[in-house]
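S.K.: Take a look at this one; I'll ask things after.
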Amino acid sequence: MVKVKLFGLFRLDTGLKEINAEASSVKELYPIILSEAKKAKPNTIITAADIDGCVVMINGKQGRKSSKLKDGDEVYLMSPVCGG
Amino acid sequence: METKYGGYMGKVLEVDLTTQAVSEYPWTDKDRELFIGGKTMADKILYDSFTGQEKPFSEENILVISTGPLTGTGAPSSGRYNIATLSPQTGIIGTSNCGGSFGYYLKKAGIDALVIKGKCAEHTWIEIDNGEFIFHNADEDGIWGLKVTEAQDKIRGILHEKWGFKRAFGQMVIGPAGENLVLYSAVISDERAAGRTGMGAVMGWKNLKGIAATGNHEFRIINPEKNTKWNQKWFKYLRNHPLTGNQLPRMGTAALVSQMQMRGILSTKNYTYGQYDEFDNVNGETLAEEYNIVNKGCLTCPIKCARTVNVEGREVKGPELETLGLLGGGILNNNMENILKWNNELDELGMDTISCASTIAYAMEANEEGLWDNGLKFGDTEGISQLFEDIAYRRGIGNEIADGSRKCAQKYGGLEFAIQSKGLELAAYEPRRAVGQGLGYAVSNRGGCHLNGGYLVILEGLGLYTDSQTPHAKADFTMLFQDLMEMISASGQCLFTSYAFFPGFLITKPNGVVTRIANAAIPFIGGVLRLINKCPTAVAMHLPVFHHTKAFIYAVGMKMNFGKYIRCGERGYTLERALDCRFGISSKDDTLPKRLTDVPQDPNDPKTKVPLDRMKVTYYKARGWDQNGVPTQKTLKKLKIIA
């Protein structure tokens, strides 16, 4: 089981703050997130491309779509931001 | 003086508060070509006036309130004005830029800038009606002593009674903090703040509570048809850009908090750490989901980055990321409602949230270290509101915190954890994991400012994510970004218009091949940038992602391209440095507290600190300053600062 936390506009658009999921790679999280987002916000138009557009951090380190996951990992997905 | 250029009103006025005399300040088209407006114009006026012997709280100190040529031309996010003076907080040139509507209405009154000298004999507020000045007694009108909303409401009531409700005007006021000479007191226009470097304290010392301006002067545009079309295109570009059209309107600057946490650059416990475990309580997502009512913008702004929140039944301005960071993790406060309330209290008292929060964090640590028995503790938020009042009215320990972290540390010790540079407290970006930002904080003309420092963090984790620990190319990018933002500010525009400079796909596709190549390449293009910085006029072209230059041609009628634009910014930046040098600034002052240069953020990774000295050498060389950080005569001549 991995813990996935969502941030940025991606969180506002999916209506998801945090989910727990069984997945062995970031890629395997995609259908789970899309399905959960549909439940949380039925009118959401989030697609896999939106997840592709997220910065991925795994246990505080930069990750990628192909990164492997293991039990207990914490994954942060965040739409990129800048400007302050 | 009359001008051939559009955008300008052609009048700079000198106001002597001691005698209440108003006269024209000589400002020619040659000055306009070289020093544009806003901050750079103010620096030139101060450069021509100051010898280096002046004191901030003295009749010799001058306050310059200036606008830029694009204000009022319909260019996006152009409703700004600048205040500059000798700062009581830093002892060098202080500048602060503000949104709201005052800049626009000062120009409607027919005035590009005010050069304010002397000191009012009594507490005063000034009404400017189409170039006519009326000095009002602020005590008799019941305005002196009021907090900023009450003061603005009172002035509005007086002017409505006099002019009727149909006449629009802009105003700028100080709060109790400015009246009581808190060194980091702000000037407020509507809900927007010129917060940094203590501009409000200089107004307070001059017994000047505020200025309201109105008028019916028309703005002259050189090519109205092309200007309108160009602005429409520019507005559309900003609205379609992922940052200025989506992130900033929907989440404001608060969106950055979570990203800063992930990158390890969120100031925590007075910059002891770069991550705050409870950041999710005090970040932009929580603000957007639970508290934000609506987003707002300044005049002519399509970005609308300001938040509106409810505090005790009133709709007020919400916090920016600096306030969330420094009044959140910075003092170990995990309560968003505290921050919303504090942010409003600080605005109402007229105080800079950054310097105030950071000085409180210093005081908490000084207490923890046994250096200063002041009763303040990290995480103990019970008495913070009362402390703000004590600072603004200079009571008890508030009287000392009102002088900023540098002065407190000089008295009690702990200079290594007083998080300031040249007396100005740093923003919430922890630079040990964004070393280019660290260089910027250190060399910034007005002291530890993230924007005046070049905002390199945009490459180092917030936007792009190039190697944040390498010093390579950081000095060259710092110079380029500083010059770019200097000119945007001089034009009268918001710096946020520069963020659309980055093509949208670099932001929205952080994992894409092109973005990864760009991130990898950045540290290796220092040499190319050095050439551009050395001779920017060689880039004699307009860039498709940078609309600012053509706006100059259509609205102002001034010859402009990207290279000239950068050169103007460079002139402004070096001019301000030369002025600072008159007040004793040199390389010895371009520093950071030892916590950031000597103590790794991660004890197991010695690279996680700012390699400042190495970057400074490259930076001075790129700028044409000598090894002491003083602009050479050759550079001053090249930039036409001296003949």
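By order in the structure tokens, chains are A, B, ...; within a chain, residues start at 1; ligands start at 1, following the order shown.
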Mind the document's chain letters and residue numbers, and return as a VMD selection string the residues of chain A that DSSP labels strand (DSSP E or B).
M.R.: chain A and resid 2 to 7 18 to 21 25 55 to 58 61 to 63 68 74 to 78
S.K.: Please report as an mmCIF file with N, CA and C atoms, in the first residue's frame which residues of chain B come no farther than 9 Å from chain A, using only C-alpha atoms.
M.R.:
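Heads up, here's the output in part-v6.cif:
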```cif
data_model
loop_
_atom_site.group_PDB
_atom_site.id
_atom_site.type_symbol
_atom_site.label_atom_id
_atom_site.label_comp_id
_atom_site.auth_asym_id
_atom_site.auth_seq_id
_atom_site.Cartn_x
_atom_site.Cartn_y
_atom_site.Cartn_z
ATOM 1 N N PRO B 242 -0.344 29.128 -18.484
ATOM 2 C CA PRO B 242 -0.702 28.316 -17.301
ATOM 3 C C PRO B 242 -0.437 29.004 -15.963
ATOM 4 N N LEU B 243 0.518 29.916 -15.915
ATOM 5 C CA LEU B 243 0.796 30.588 -14.640
ATOM 6 C C LEU B 243 -0.104 31.781 -14.416
ATOM 7 N N THR B 244 -0.079 32.694 -15.392
ATOM 8 C CA THR B 244 -0.814 33.943 -15.209
ATOM 9 C C THR B 244 -2.307 33.796 -15.499
ATOM 10 N N ASN B 246 -4.009 30.671 -14.994
ATOM 11 C CA ASN B 246 -4.634 29.560 -14.277
ATOM 12 C C ASN B 246 -4.168 29.495 -12.821
ATOM 13 N N GLN B 247 -2.860 29.261 -12.621
ATOM 14 C CA GLN B 247 -2.389 29.076 -11.242
ATOM 15 C C GLN B 247 -2.549 30.323 -10.378
ATOM 16 N N LEU B 248 -2.049 31.447 -10.868
ATOM 17 C CA LEU B 248 -2.104 32.660 -10.036
ATOM 18 C C LEU B 248 -3.539 33.133 -9.778
ATOM 19 N N ARG B 250 -6.223 31.257 -9.615
ATOM 20 C CA ARG B 250 -6.962 30.290 -8.794
ATOM 21 C C ARG B 250 -6.346 30.066 -7.422
ATOM 22 N N MET B 251 -5.043 30.176 -7.329
ATOM 23 C CA MET B 251 -4.419 29.883 -6.031
ATOM 24 C C MET B 251 -3.560 31.023 -5.500
ATOM 25 N N GLY B 252 -3.287 32.022 -6.319
ATOM 26 C CA GLY B 252 -2.421 33.110 -5.865
ATOM 27 C C GLY B 252 -0.997 32.622 -5.631
ATOM 28 N N THR B 253 -0.216 33.465 -5.010
ATOM 29 C CA THR B 253 1.164 33.075 -4.719
ATOM 30 C C THR B 253 1.214 31.965 -3.672
ATOM 31 N N ALA B 254 0.109 31.811 -2.942
ATOM 32 C CA ALA B 254 0.040 30.776 -1.904
ATOM 33 C C ALA B 254 0.280 29.379 -2.476
ATOM 34 N N ALA B 255 0.063 29.222 -3.780
ATOM 35 C CA ALA B 255 0.263 27.917 -4.426
ATOM 36 C C ALA B 255 1.674 27.390 -4.219
ATOM 37 N N LEU B 256 2.602 28.290 -3.969
ATOM 38 C CA LEU B 256 4.009 27.875 -3.906
ATOM 39 C C LEU B 256 4.382 27.113 -2.637
ATOM 40 N N SER B 258 3.411 24.463 -1.025
ATOM 41 C CA SER B 258 3.614 23.008 -1.099
ATOM 42 C C SER B 258 4.836 22.651 -1.938
ATOM 43 N N GLN B 259 5.000 23.383 -3.046
ATOM 44 C CA GLN B 259 6.164 23.112 -3.897
ATOM 45 C C GLN B 259 7.457 23.430 -3.143
ATOM 46 N N MET B 262 8.264 20.625 -0.911
ATOM 47 C CA MET B 262 8.829 19.475 -1.624
ATOM 48 C C MET B 262 10.287 19.703 -2.012
ATOM 49 N N ARG B 263 10.609 20.948 -2.303
ATOM 50 C CA ARG B 263 11.984 21.261 -2.705
ATOM 51 C C ARG B 263 12.890 21.555 -1.517
ATOM 52 N N GLY B 264 12.344 21.549 -0.318
ATOM 53 C CA GLY B 264 13.172 21.811 0.867
ATOM 54 C C GLY B 264 13.561 23.272 1.005
ATOM 55 N N GLY B 284 -1.405 26.785 0.077
ATOM 56 C CA GLY B 284 -2.331 27.397 -0.863
ATOM 57 C C GLY B 284 -3.560 26.551 -1.143
ATOM 58 N N GLU B 285 -3.392 25.226 -1.091
ATOM 59 C CA GLU B 285 -4.527 24.349 -1.365
ATOM 60 C C GLU B 285 -5.592 24.516 -0.281
ATOM 61 N N ALA B 288 -7.298 27.796 -0.668
ATOM 62 C CA ALA B 288 -8.262 27.803 -1.780
ATOM 63 C C ALA B 288 -9.512 26.988 -1.448
ATOM 64 N N GLU B 289 -9.307 25.809 -0.818
ATOM 65 C CA GLU B 289 -10.437 24.915 -0.573
ATOM 66 C C GLU B 289 -11.360 25.408 0.537
ATOM 67 N N GLU B 320 -0.283 36.381 1.229
ATOM 68 C CA GLU B 320 0.610 35.913 0.170
ATOM 69 C C GLU B 320 1.474 34.782 0.733
ATOM 70 N N LEU B 321 2.222 34.132 -0.166
ATOM 71 C CA LEU B 321 2.996 32.980 0.300
ATOM 72 C C LEU B 321 4.056 33.356 1.334
ATOM 73 N N GLU B 322 4.648 34.549 1.218
ATOM 74 C CA GLU B 322 5.681 34.932 2.176
ATOM 75 C C GLU B 322 5.102 34.956 3.594
ATOM 76 N N HIS B 450 13.683 38.909 -2.288
ATOM 77 C CA HIS B 450 13.649 37.825 -3.268
ATOM 78 C C HIS B 450 13.496 38.356 -4.692
ATOM 79 N N LEU B 451 12.758 39.456 -4.874
ATOM 80 C CA LEU B 451 12.499 39.970 -6.222
ATOM 81 C C LEU B 451 13.661 40.823 -6.721
ATOM 82 N N TYR B 455 15.114 36.594 -8.214
ATOM 83 C CA TYR B 455 14.129 35.508 -8.147
ATOM 84 C C TYR B 455 14.574 34.255 -8.901
ATOM 85 N N VAL B 457 14.958 31.439 -7.808
ATOM 86 C CA VAL B 457 14.261 30.247 -7.344
ATOM 87 C C VAL B 457 13.286 29.729 -8.415
ATOM 88 N N ILE B 458 12.938 30.596 -9.352
ATOM 89 C CA ILE B 458 12.043 30.172 -10.439
ATOM 90 C C ILE B 458 12.721 29.114 -11.324
ATOM 91 N N GLY B 461 13.526 25.177 -8.752
ATOM 92 C CA GLY B 461 12.538 24.343 -8.071
ATOM 93 C C GLY B 461 11.124 24.866 -8.165
ATOM 94 N N LEU B 462 10.962 26.146 -8.441
ATOM 95 C CA LEU B 462 9.611 26.698 -8.565
ATOM 96 C C LEU B 462 9.403 27.151 -10.008
ATOM 97 N N GLY B 463 8.956 26.237 -10.826
ATOM 98 C CA GLY B 463 8.817 26.517 -12.253
ATOM 99 C C GLY B 463 9.662 25.504 -12.990
ATOM 100 N N LEU B 464 10.933 25.826 -13.142
ATOM 101 C CA LEU B 464 11.883 24.829 -13.638
ATOM 102 C C LEU B 464 12.611 24.225 -12.447
ATOM 103 N N PHE B 496 4.804 40.168 -12.180
ATOM 104 C CA PHE B 496 4.191 38.891 -12.553
ATOM 105 C C PHE B 496 3.990 38.768 -14.065
ATOM 106 N N TYR B 499 6.503 36.408 -15.680
ATOM 107 C CA TYR B 499 6.474 34.954 -15.541
ATOM 108 C C TYR B 499 5.981 34.275 -16.816
ATOM 109 N N ILE B 507 6.380 24.712 -18.228
ATOM 110 C CA ILE B 507 5.775 24.644 -16.895
ATOM 111 C C ILE B 507 4.837 23.446 -16.796
ATOM 112 N N THR B 508 4.004 23.253 -17.821
ATOM 113 C CA THR B 508 2.971 22.215 -17.717
ATOM 114 C C THR B 508 3.490 20.814 -18.027
ATOM 115 N N LYS B 509 4.658 20.741 -18.620
ATOM 116 C CA LYS B 509 5.218 19.410 -18.900
ATOM 117 C C LYS B 509 6.569 19.261 -18.202
ATOM 118 N N PRO B 510 6.547 19.192 -16.877
ATOM 119 C CA PRO B 510 7.815 19.139 -16.144
ATOM 120 C C PRO B 510 8.615 17.875 -16.428
ATOM 121 N N ASN B 511 7.922 16.835 -16.911
ATOM 122 C CA ASN B 511 8.623 15.578 -17.175
ATOM 123 C C ASN B 511 8.927 15.392 -18.664
ATOM 124 N N GLY B 512 8.566 16.400 -19.480
ATOM 125 C CA GLY B 512 8.777 16.292 -20.922
ATOM 126 C C GLY B 512 10.251 16.384 -21.294
#
```
S.K.: List the neighbours of Val26 (chain A) out to 8 Å using only C-alpha atoms; skip same-chain residues closer than 4 positions along the sequence, and give me the result as a ChimeraX atom specification.
M.R.: /A:30,64-69
S.K.: For those residues, write N, CA and C atoms to a file as a PDB file, in the first residue's frame.
M.R.:
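Writing done, so here's result23.pdb:
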```pdb
ATOM      1  N   TYR A  30      -2.134   5.668 -12.104  1.00  0.00           N
ATOM      2  CA  TYR A  30      -2.952   6.507 -12.991  1.00  0.00           C
ATOM      3  C   TYR A  30      -4.441   6.120 -12.977  1.00  0.00           C
ATOM      4  N   ARG A  64       9.502   9.698 -11.389  1.00  0.00           N
ATOM      5  CA  ARG A  64       8.969   9.794 -12.745  1.00  0.00           C
ATOM      6  C   ARG A  64       7.834   8.796 -12.899  1.00  0.00           C
ATOM      7  N   LYS A  65       7.193   8.877 -14.069  1.00  0.00           N
ATOM      8  CA  LYS A  65       6.074   7.976 -14.344  1.00  0.00           C
ATOM      9  C   LYS A  65       6.505   6.515 -14.234  1.00  0.00           C
ATOM     10  N   SER A  66       7.731   6.229 -14.654  1.00  0.00           N
ATOM     11  CA  SER A  66       8.200   4.842 -14.671  1.00  0.00           C
ATOM     12  C   SER A  66       8.767   4.388 -13.318  1.00  0.00           C
ATOM     13  N   SER A  67       8.827   5.299 -12.345  1.00  0.00           N
ATOM     14  CA  SER A  67       9.448   4.933 -11.062  1.00  0.00           C
ATOM     15  C   SER A  67       8.694   3.792 -10.375  1.00  0.00           C
ATOM     16  N   LYS A  68       9.475   2.890  -9.794  1.00  0.00           N
ATOM     17  CA  LYS A  68       8.874   1.765  -9.064  1.00  0.00           C
ATOM     18  C   LYS A  68       8.472   2.213  -7.664  1.00  0.00           C
ATOM     19  N   LEU A  69       7.463   1.562  -7.126  1.00  0.00           N
ATOM     20  CA  LEU A  69       7.008   1.879  -5.769  1.00  0.00           C
ATOM     21  C   LEU A  69       7.052   0.620  -4.925  1.00  0.00           C
TER      22      LEU A  69
END
```
S.K.: Within chain A, find each residue whose DSSP state, derived from the backbone, is alpha helix (DSSP H), and express the selection as a PDB file with C-alpha atoms, in the first residue's frame.
M.R.:
```pdb
ATOM      1  CA  LEU A   9      -4.391  22.799  -9.110  1.00  0.00           C
ATOM      2  CA  PHE A  10      -4.358  19.038  -9.629  1.00  0.00           C
ATOM      3  CA  ARG A  11      -5.761  18.656  -6.114  1.00  0.00           C
ATOM      4  CA  LEU A  12      -8.415  21.319  -6.689  1.00  0.00           C
ATOM      5  CA  ASP A  13      -9.398  19.783 -10.033  1.00  0.00           C
ATOM      6  CA  THR A  14      -9.626  16.189  -8.775  1.00  0.00           C
ATOM      7  CA  VAL A  26       3.723   5.464 -10.506  1.00  0.00           C
ATOM      8  CA  LYS A  27       2.161   4.444 -13.811  1.00  0.00           C
ATOM      9  CA  GLU A  28      -0.087   1.960 -12.000  1.00  0.00           C
ATOM     10  CA  LEU A  29      -1.466   4.809  -9.927  1.00  0.00           C
ATOM     11  CA  TYR A  30      -2.952   6.507 -12.991  1.00  0.00           C
ATOM     12  CA  PRO A  31      -6.217   4.522 -13.357  1.00  0.00           C
ATOM     13  CA  ILE A  32      -6.720   4.516  -9.594  1.00  0.00           C
ATOM     14  CA  ILE A  33      -6.419   8.303  -9.381  1.00  0.00           C
ATOM     15  CA  LEU A  34      -8.685   8.836 -12.395  1.00  0.00           C
ATOM     16  CA  SER A  35     -11.300   6.554 -10.919  1.00  0.00           C
ATOM     17  CA  GLU A  36     -11.146   8.175  -7.466  1.00  0.00           C
ATOM     18  CA  ALA A  37     -11.317  11.633  -9.036  1.00  0.00           C
ATOM     19  CA  LYS A  38     -14.443  10.652 -10.925  1.00  0.00           C
ATOM     20  CA  LYS A  39     -16.020   9.597  -7.626  1.00  0.00           C
ATOM     21  CA  ALA A  40     -14.932  12.736  -5.775  1.00  0.00           C
ATOM     22  CA  ALA A  48      -3.860  10.835 -17.810  1.00  0.00           C
ATOM     23  CA  ALA A  49      -2.205  13.819 -19.502  1.00  0.00           C
ATOM     24  CA  ASP A  50      -2.912  15.905 -16.406  1.00  0.00           C
ATOM     25  CA  ILE A  51      -1.096  13.346 -14.274  1.00  0.00           C
ATOM     26  CA  ASP A  52       1.753  13.390 -16.786  1.00  0.00           C
TER      27      ASP A  52
END
```
S.K.: Determine, counting only C-alpha atoms, which protein, DNA and RNA residues have an atom within 8 Å of an atom of Asp16 (chain B); residues of the same chain fewer than 5 positions away are not included. Present the result as a compact mmCIF listing (two decimals) with N, CA and C atoms, in the first residue's frame.
M.R.:
```txt
# COMPACT_ATOMS: atom_id res chain seq x y z
N ALA B 21 5.43 74.63 -0.46
CA ALA B 21 5.63 75.12 -1.82
C ALA B 21 5.70 73.95 -2.80
N VAL B 22 5.09 74.13 -3.94
CA VAL B 22 5.12 73.10 -4.99
C VAL B 22 5.72 73.71 -6.25
N ILE B 116 9.29 64.60 -2.71
CA ILE B 116 8.80 65.21 -1.47
C ILE B 116 9.96 65.48 -0.52
N LYS B 117 10.10 66.73 -0.12
CA LYS B 117 11.20 67.14 0.76
C LYS B 117 10.65 67.74 2.05
N GLY B 118 11.52 67.95 3.02
CA GLY B 118 11.16 68.67 4.23
C GLY B 118 10.29 67.88 5.19
N LYS B 119 9.58 68.59 6.05
CA LYS B 119 8.75 67.94 7.07
C LYS B 119 7.56 68.84 7.38
```
S.K.: I want to know what sits within 12 Å of Gly328 (chain B), based on only C-alpha atoms, with residues of the same chain fewer than 5 positions away left out; could you give that as an MDAnalysis selection string?
M.R.: chainID B and resid 254 257 266:271 275:284 319:323 333:340 342:343 353:354 357:358 361 378:381 428
S.K.: Skipping near chain neighbours, those fewer than 5 positions away, what residues fall within 9 Å of Val12 (chain B) using only C-alpha atoms, listed as a JSON list (two decimals) with N, CA and C atoms, in the first residue's frame?
M.R.:
```json
[["chain", "number", "residue", "atom", "x", "y", "z"],
["B", 1, "MET", "N", 8.24, 68.79, -17.25],
["B", 1, "MET", "CA", 8.54, 69.44, -18.53],
["B", 1, "MET", "C", 7.84, 68.70, -19.66],
["B", 23, "SER", "N", 6.73, 73.05, -6.80],
["B", 23, "SER", "CA", 7.37, 73.59, -8.00],
["B", 23, "SER", "C", 7.70, 72.45, -8.95],
["B", 24, "GLU", "N", 8.02, 72.79, -10.17],
["B", 24, "GLU", "CA", 8.31, 71.75, -11.15],
["B", 24, "GLU", "C", 9.75, 71.27, -11.00],
["B", 25, "TYR", "N", 9.93, 69.96, -11.01],
["B", 25, "TYR", "CA", 11.27, 69.36, -10.96],
["B", 25, "TYR", "C", 11.73, 69.14, -12.40],
["B", 26, "PRO", "N", 12.94, 69.55, -12.73],
["B", 26, "PRO", "CA", 13.37, 69.42, -14.13],
["B", 26, "PRO", "C", 13.57, 67.95, -14.52],
["B", 27, "TRP", "N", 12.82, 67.52, -15.48],
["B", 27, "TRP", "CA", 12.90, 66.12, -15.94],
["B", 27, "TRP", "C", 12.66, 66.12, -17.44],
["B", 66, "SER", "N", 6.77, 57.67, -7.69],
["B", 66, "SER", "CA", 6.86, 57.78, -9.15],
["B", 66, "SER", "C", 6.08, 56.69, -9.86],
["B", 111, "ILE", "N", 0.35, 64.18, -13.16],
["B", 111, "ILE", "CA", 1.68, 64.14, -12.53],
["B", 111, "ILE", "C", 2.32, 62.76, -12.73],
["B", 112, "ASP", "N", 3.57, 62.75, -13.17],
["B", 112, "ASP", "CA", 4.31, 61.48, -13.29],
["B", 112, "ASP", "C", 4.95, 61.08, -11.97],
["B", 113, "ALA", "N", 5.41, 62.07, -11.23],
["B", 113, "ALA", "CA", 6.12, 61.74, -9.98],
["B", 113, "ALA", "C", 6.11, 62.92, -9.02],
["B", 114, "LEU", "N", 6.24, 62.59, -7.74],
["B", 114, "LEU", "CA", 6.35, 63.60, -6.68],
["B", 114, "LEU", "C", 7.71, 63.46, -6.01],
["B", 115, "VAL", "N", 8.39, 64.56, -5.82],
["B", 115, "VAL", "CA", 9.67, 64.57, -5.11],
["B", 115, "VAL", "C", 9.41, 65.34, -3.82]]
```
S.K.: Using only C-alpha atoms, pick whichever of A:Leu77, A:Ala23, A:Leu16, A:Val4 has the shortest atom-to-atom distance to Pro42 (chain A).
M.R.: A:Leu16
S.K.: Hey, what's within 8 Å of region 306-315 of chain B if we count only C-alpha atoms and toss same-chain stuff fewer than 6 positions away? As a list in words, please?
M.R.: Pro249, Met251, Gly252, Tyr291, Asn292, Ile293, Val294, Asn295, Lys296, Gly297, Leu340, Lys341 and Asn344 of chain B
S.K.: What is the CA of Thr73 (chain B) to CA of Pro224 (chain B) distance in Å?
M.R.: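 These two atoms are separated by 9.1 Å.
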S.K.: Given only C-alpha atoms as the basis, pick out the residue of B:Pro606, B:Gly448, B:Gly375, B:Gly274 nearest to Leu426 (chain B).
M.R.: B:Gly448
S.K.: Can you tell me how far CA of Gly436 (chain B) sits from CA of Lys474 (chain B), in Å to one decimal?
M.R.: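 CA of Lys474 (chain B) lies 5.1 Å from CA of Gly436 (chain B).
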S.K.: Could you tell me which of B:Pro631, B:Gly245, B:Gly454, B:Gly110 comes closest to Glu2 (chain B) if we count only C-alpha atoms?
M.R.: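 Selected residue with least distance to Glu2 (chain B): B:Gly110.
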S.K.: Select, from B:Leu159, B:Leu612, B:Ile211, B:Leu146, the residue with the minimum atom-to-atom distance to Val173 (chain B), counting only C-alpha atoms.
M.R.: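 Selected residue with least distance to Val173 (chain B): B:Ile211.
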S.K.: Out of B:Gly215, B:Gly94, B:Gly404, B:Gly318, which residue has the shortest atom-to-atom distance to Ala418 (chain B) when counting only C-alpha atoms?
M.R.: B:Gly404
